[in-house]
Amino acid sequence: MLFKSLRCSFPARSFHIFFCSWSRNRPASISLHRLTISAKAMDSDSPCVLVFSGKSSREVEISRALKSSNTLKLPDNGEVKVMLDSEREEQLNDYNFRGDLFLNLLTTDHFGRFLIWSPRIPSTHDIISQNFCDLPLGTVCVADIQFKGRGRSKNVWESPVGCLMFSFTIQMVNGRIVPLLQYVISLAITEAIKEICNQNGLPYLDVRIKWPNDLYLNGLKVGGILCTSTYRSKKFNVCAGIGLNVDNDKPSICLNSILQESVAISYKFTREEILAAFFNKFEKLYSLFIHQGFQTLEELYYQTWLHSGQRVVVQQKDGDRVTENVVTIQGLTSSGYLLAIGDDNQMCELHPDGNSFDFFKGLVRRKLE
């Protein structure tokens with residue numbers, strides 16, 4: 001086979017991934033329950049409420065210090081109200097994230113041990129990214145509702161009750177492998193769901209990875225990932241955001257709706273158990289990734305993604321001329337892009353920026369102007 005590293009003429013700008021788009025409208029069902037802290041958080045003029053809790057006494061001390069410093073901020077300088085979980089007087093309702101349940105299930109040494117929860121927030125990603133240097137590494141921010149979730153091309157999405165929406169911090173030294181981090185996160189999510197099914201004797205939900213950053217179930221999008229990074233003091237500060245439809249069947253599907261269709265049982269996935277299972281898996285996979293490279297995870301990743309052997313058409317514009325080439329996806333390149341081979345046995349690297357992807361129709365299209 002003739003191997004020639006050939007980049008398709010797609011714009012090679014920053015490798016940016018995007019969040020799952022849940023809903024543009026605030027869900028009408030939000031008023032089903034009453035909770036003082038949540039009701040106040042619904043008011044756009046009220047401060048953003050952040051509740052701190054931790055896995056151990058160390059994280060609890062960090063909570064107290066952060067509250068005392070009063071340094072956390074929002075991108076638009078909006079007012080932030082911080083409280084410790086021990087100071088919260090109101091009872092939680094069914095749709096509120098239970099930090100105590102999550103922390104009891106968590107077995108990690110680093111990730112997820114410091115928790116920020118908010119009943120309603122503009123964006124978990126903004127909280128993490130704006131305050132990265134003030135938070136301990138591995139901090140996770142979870143929201144019941146977010147109304148300015150970040151998406152591709154600066155799209156803004158509102159995420160309804162039932163979604164698991166969270167962002168967390170990671171710090172990396174090797175910038176060449178930062179684009180591969182999204183694949184480790186995707187794999188940790190699918191493996192976490194698989195483990196929960198195995199532990200509870202549930203039918204296997206075949207959540208699959210659609211490159212580069214989406215999660216699909218039964219042919220429909222059920223989740224997505226956003227990773228952004230900044231470079232400071234010779235390290236990459238990475239903010240990873242994940243959205244997963246757990247108990248909301250609008251606008252597409254969710255894990256629980258598919259589970260109920262599969263078997264007549266009362267069991268339902270909870271956001272707390274999925275988040276804990278994710279971090280428990282991610283910490284192990286991330287250690288392998290950092291110390292042994294992504295190649296140790298590639299086989300498992302290819303078993304989970306949708307694209308091995310898929311034939312797609314690359315449509316390119318060269319001036320007024322449009323050419324089409326049929327290629328077959330082989331895997332990933334060392335930099336995290338798609339590796340494909342043409343019918344002429346030449347290899348090419350496919351990039352996402354500036355292109356529309358519709359893999360289920362077997363077509364990669366360059367946007368034509």
# chains A, B, ... in the order shown; residues from 1 in each chain; ligands from 1
$ residues_around --residues "range 175-180 of chain A" --least-positions-apart "6" --cutoff "10 Å" --atoms "only C-alpha atoms" --output "mmCIF file with N, CA and C atoms, in the first residue's frame"
data_model
loop_
_atom_site.group_PDB
_atom_site.id
_atom_site.type_symbol
_atom_site.label_atom_id
_atom_site.label_comp_id
_atom_site.auth_asym_id
_atom_site.auth_seq_id
_atom_site.Cartn_x
_atom_site.Cartn_y
_atom_site.Cartn_z
ATOM 1 N N SER A 14 -8.096 26.093 14.805
ATOM 2 C CA SER A 14 -8.015 25.421 16.090
ATOM 3 C C SER A 14 -8.946 24.217 16.118
ATOM 4 N N PHE A 15 -8.502 23.152 16.778
ATOM 5 C CA PHE A 15 -9.304 21.935 16.912
ATOM 6 C C PHE A 15 -10.280 22.151 18.045
ATOM 7 N N HIS A 16 -11.502 22.563 17.693
ATOM 8 C CA HIS A 16 -12.482 22.940 18.711
ATOM 9 C C HIS A 16 -13.656 21.989 18.652
ATOM 10 N N ILE A 17 -14.131 21.551 19.814
ATOM 11 C CA ILE A 17 -15.237 20.619 19.857
ATOM 12 C C ILE A 17 -16.418 21.277 20.543
ATOM 13 N N PRO A 212 -16.170 14.038 16.272
ATOM 14 C CA PRO A 212 -15.141 13.949 17.312
ATOM 15 C C PRO A 212 -15.653 13.980 18.733
ATOM 16 N N CYS A 227 -14.385 20.893 25.028
ATOM 17 C CA CYS A 227 -13.103 21.077 25.698
ATOM 18 C C CYS A 227 -12.460 22.365 25.194
ATOM 19 N N THR A 228 -12.011 23.178 26.119
ATOM 20 C CA THR A 228 -11.273 24.389 25.771
ATOM 21 C C THR A 228 -10.016 24.419 26.627
ATOM 22 N N SER A 229 -8.995 25.129 26.157
ATOM 23 C CA SER A 229 -7.764 25.190 26.938
ATOM 24 C C SER A 229 -7.092 26.545 26.777
ATOM 25 N N TYR A 231 -3.089 28.375 27.729
ATOM 26 C CA TYR A 231 -1.703 28.044 28.046
ATOM 27 C C TYR A 231 -1.159 29.075 29.026
ATOM 28 N N LYS A 234 3.636 27.415 31.229
ATOM 29 C CA LYS A 234 4.115 26.197 30.581
ATOM 30 C C LYS A 234 3.201 24.992 30.805
ATOM 31 N N LYS A 235 1.924 25.277 31.089
ATOM 32 C CA LYS A 235 0.949 24.198 31.250
ATOM 33 C C LYS A 235 -0.348 24.570 30.548
ATOM 34 N N PHE A 236 -1.073 23.550 30.119
ATOM 35 C CA PHE A 236 -2.368 23.743 29.469
ATOM 36 C C PHE A 236 -3.468 23.552 30.503
ATOM 37 N N ASN A 237 -4.212 24.612 30.747
ATOM 38 C CA ASN A 237 -5.362 24.546 31.650
ATOM 39 C C ASN A 237 -6.593 24.191 30.824
ATOM 40 N N VAL A 238 -7.078 22.971 31.008
ATOM 41 C CA VAL A 238 -8.174 22.448 30.186
ATOM 42 C C VAL A 238 -9.473 22.426 30.982
ATOM 43 N N PHE A 289 -3.626 7.048 29.721
ATOM 44 C CA PHE A 289 -3.419 7.989 28.618
ATOM 45 C C PHE A 289 -2.149 8.818 28.823
ATOM 46 N N ILE A 290 -1.954 9.352 30.018
ATOM 47 C CA ILE A 290 -0.812 10.212 30.301
ATOM 48 C C ILE A 290 0.491 9.418 30.358
ATOM 49 N N GLY A 293 0.189 6.613 26.805
ATOM 50 C CA GLY A 293 -0.234 7.102 25.507
ATOM 51 C C GLY A 293 -1.619 6.625 25.116
ATOM 52 N N PHE A 294 -2.200 7.304 24.141
ATOM 53 C CA PHE A 294 -3.558 6.967 23.722
ATOM 54 C C PHE A 294 -3.626 5.607 23.041
ATOM 55 N N LEU A 332 -7.699 7.064 13.721
ATOM 56 C CA LEU A 332 -7.268 8.408 14.095
ATOM 57 C C LEU A 332 -5.792 8.587 13.806
ATOM 58 N N THR A 333 -5.403 9.813 13.468
ATOM 59 C CA THR A 333 -3.996 10.135 13.344
ATOM 60 C C THR A 333 -3.429 10.417 14.734
ATOM 61 N N SER A 334 -2.119 10.564 14.831
ATOM 62 C CA SER A 334 -1.488 10.827 16.125
ATOM 63 C C SER A 334 -1.924 12.165 16.714
ATOM 64 N N SER A 335 -2.397 13.067 15.860
ATOM 65 C CA SER A 335 -2.855 14.369 16.335
ATOM 66 C C SER A 335 -4.354 14.401 16.629
ATOM 67 N N GLY A 336 -5.044 13.292 16.410
ATOM 68 C CA GLY A 336 -6.447 13.205 16.795
ATOM 69 C C GLY A 336 -7.446 13.430 15.687
ATOM 70 N N TYR A 337 -6.979 13.653 14.464
ATOM 71 C CA TYR A 337 -7.894 13.820 13.339
ATOM 72 C C TYR A 337 -8.218 12.463 12.717
#
$ residues_around --residues "Leu244 in chain A" --least-positions-apart "3" --cutoff "10 Å" --atoms "only C-alpha atoms" --output "VMD selection string"
chain A and resid 19 to 20 22 159 162 to 166 189 214 to 215 221 to 225 247 to 248 254 to 255 271 274
$ closest_residue --among "A:Val246, A:Ala277, A:Cys197, A:Leu306" --to "Thr107 in chain A" --atoms "only C-alpha atoms"
A:Ala277
$ select_by_dssp --residues "range 107-299 of chain A" --states "alpha helix (DSSP H)" --output "ChimeraX atom specification"
/A:124-130,181-199,255-262,271-292,295-299
$ atom_distance --atom1 "CA of Thr296 in chain A" --atom2 "CA of Leu187 in chain A"
12.5 Å
$ residues_around --residues "Glu195 in chain A" --least-positions-apart "6" --cutoff "12 Å" --atoms "only C-alpha atoms" --output "list in words"
Ala188, Ile189, Gly201, Leu202, Pro203, Tyr204, Leu205, Asp206, Phe269, Glu273, Ile274, Ala276, Ala277, Phe278, Asn280 and Lys281 of chain A
$ closest_residue --among "A:Ile265, A:Tyr183, A:Asp144, A:Leu137" --to "Asn200 in chain A" --atoms "only C-alpha atoms"
A:Ile265
$ residues_around --residues "Gly219 in chain A" --least-positions-apart "3" --cutoff "10 Å" --atoms "only C-alpha atoms" --output "PDB file with N, CA, C and O atoms, in the first residue's frame"
ATOM      1  N   VAL A 207     -24.366   2.952  23.879  1.00  0.00           N
ATOM      2  CA  VAL A 207     -24.007   4.347  23.619  1.00  0.00           C
ATOM      3  C   VAL A 207     -22.714   4.350  22.813  1.00  0.00           C
ATOM      4  O   VAL A 207     -21.721   3.748  23.203  1.00  0.00           O
ATOM      5  N   ARG A 208     -22.728   5.024  21.680  1.00  0.00           N
ATOM      6  CA  ARG A 208     -21.588   5.017  20.774  1.00  0.00           C
ATOM      7  C   ARG A 208     -21.027   6.422  20.598  1.00  0.00           C
ATOM      8  O   ARG A 208     -21.712   7.424  20.826  1.00  0.00           O
ATOM      9  N   LEU A 215     -22.133  11.799  21.466  1.00  0.00           N
ATOM     10  CA  LEU A 215     -22.539  10.482  21.945  1.00  0.00           C
ATOM     11  C   LEU A 215     -23.906  10.163  21.354  1.00  0.00           C
ATOM     12  O   LEU A 215     -24.814  10.998  21.407  1.00  0.00           O
ATOM     13  N   TYR A 216     -24.031   8.966  20.803  1.00  0.00           N
ATOM     14  CA  TYR A 216     -25.267   8.567  20.131  1.00  0.00           C
ATOM     15  C   TYR A 216     -25.818   7.286  20.738  1.00  0.00           C
ATOM     16  O   TYR A 216     -25.065   6.410  21.177  1.00  0.00           O
ATOM     17  N   VAL A 222     -27.403  11.767  22.090  1.00  0.00           N
ATOM     18  CA  VAL A 222     -27.807  11.731  23.479  1.00  0.00           C
ATOM     19  C   VAL A 222     -26.862  12.539  24.364  1.00  0.00           C
ATOM     20  O   VAL A 222     -27.150  12.766  25.536  1.00  0.00           O
ATOM     21  N   ILE A 253     -33.793  11.943  22.702  1.00  0.00           N
ATOM     22  CA  ILE A 253     -34.010  10.787  23.557  1.00  0.00           C
ATOM     23  C   ILE A 253     -33.154  10.946  24.801  1.00  0.00           C
ATOM     24  O   ILE A 253     -32.321  11.835  24.891  1.00  0.00           O
ATOM     25  N   PHE A 360     -23.890   9.636   8.872  1.00  0.00           N
ATOM     26  CA  PHE A 360     -24.888   8.612   8.636  1.00  0.00           C
ATOM     27  C   PHE A 360     -25.336   8.568   7.183  1.00  0.00           C
ATOM     28  O   PHE A 360     -25.990   7.638   6.758  1.00  0.00           O
TER      29      PHE A 360
END
$ atom_distance --atom1 "CA of Thr139 in chain A" --atom2 "CA of Phe97 in chain A"
16.0 Å
$ residues_around --residues "Arg311 in chain A" --least-positions-apart "3" --cutoff "7 Å" --atoms "only C-alpha atoms" --output "ChimeraX atom specification"
/A:326-329,362
$ closest_residue --among "A:Asn218, A:Asn104, A:Thr270, A:Ser69" --to "Gly54 in chain A" --atoms "only C-alpha atoms"
A:Asn104
$ select_by_dssp --residues "range 272-346 of chain A" --states "strand (DSSP E)" --output "JSON, numbers by chain"
{"A": [311, 312, 313, 314, 315, 316, 317, 318, 321, 322, 323, 324, 325, 326, 327, 328, 329, 330, 331, 332, 338, 339, 340, 341, 342]}
$ residues_around --residues "Val140 in chain A" --least-positions-apart "2" --cutoff "6 Å" --atoms "only C-alpha atoms" --output "VMD selection string"
chain A and resid 112 115 167 to 168
$ write_last_selection --atoms "C-alpha atoms" --output "PDB file, in the first residue's frame"
ATOM      1  CA  GLY A 112     -14.522  15.243  41.240  1.00  0.00           C
ATOM      2  CA  LEU A 115     -18.029  19.858  43.961  1.00  0.00           C
ATOM      3  CA  SER A 167     -17.610  20.804  33.660  1.00  0.00           C
ATOM      4  CA  PHE A 168     -14.323  19.982  35.353  1.00  0.00           C
TER       5      PHE A 168
END
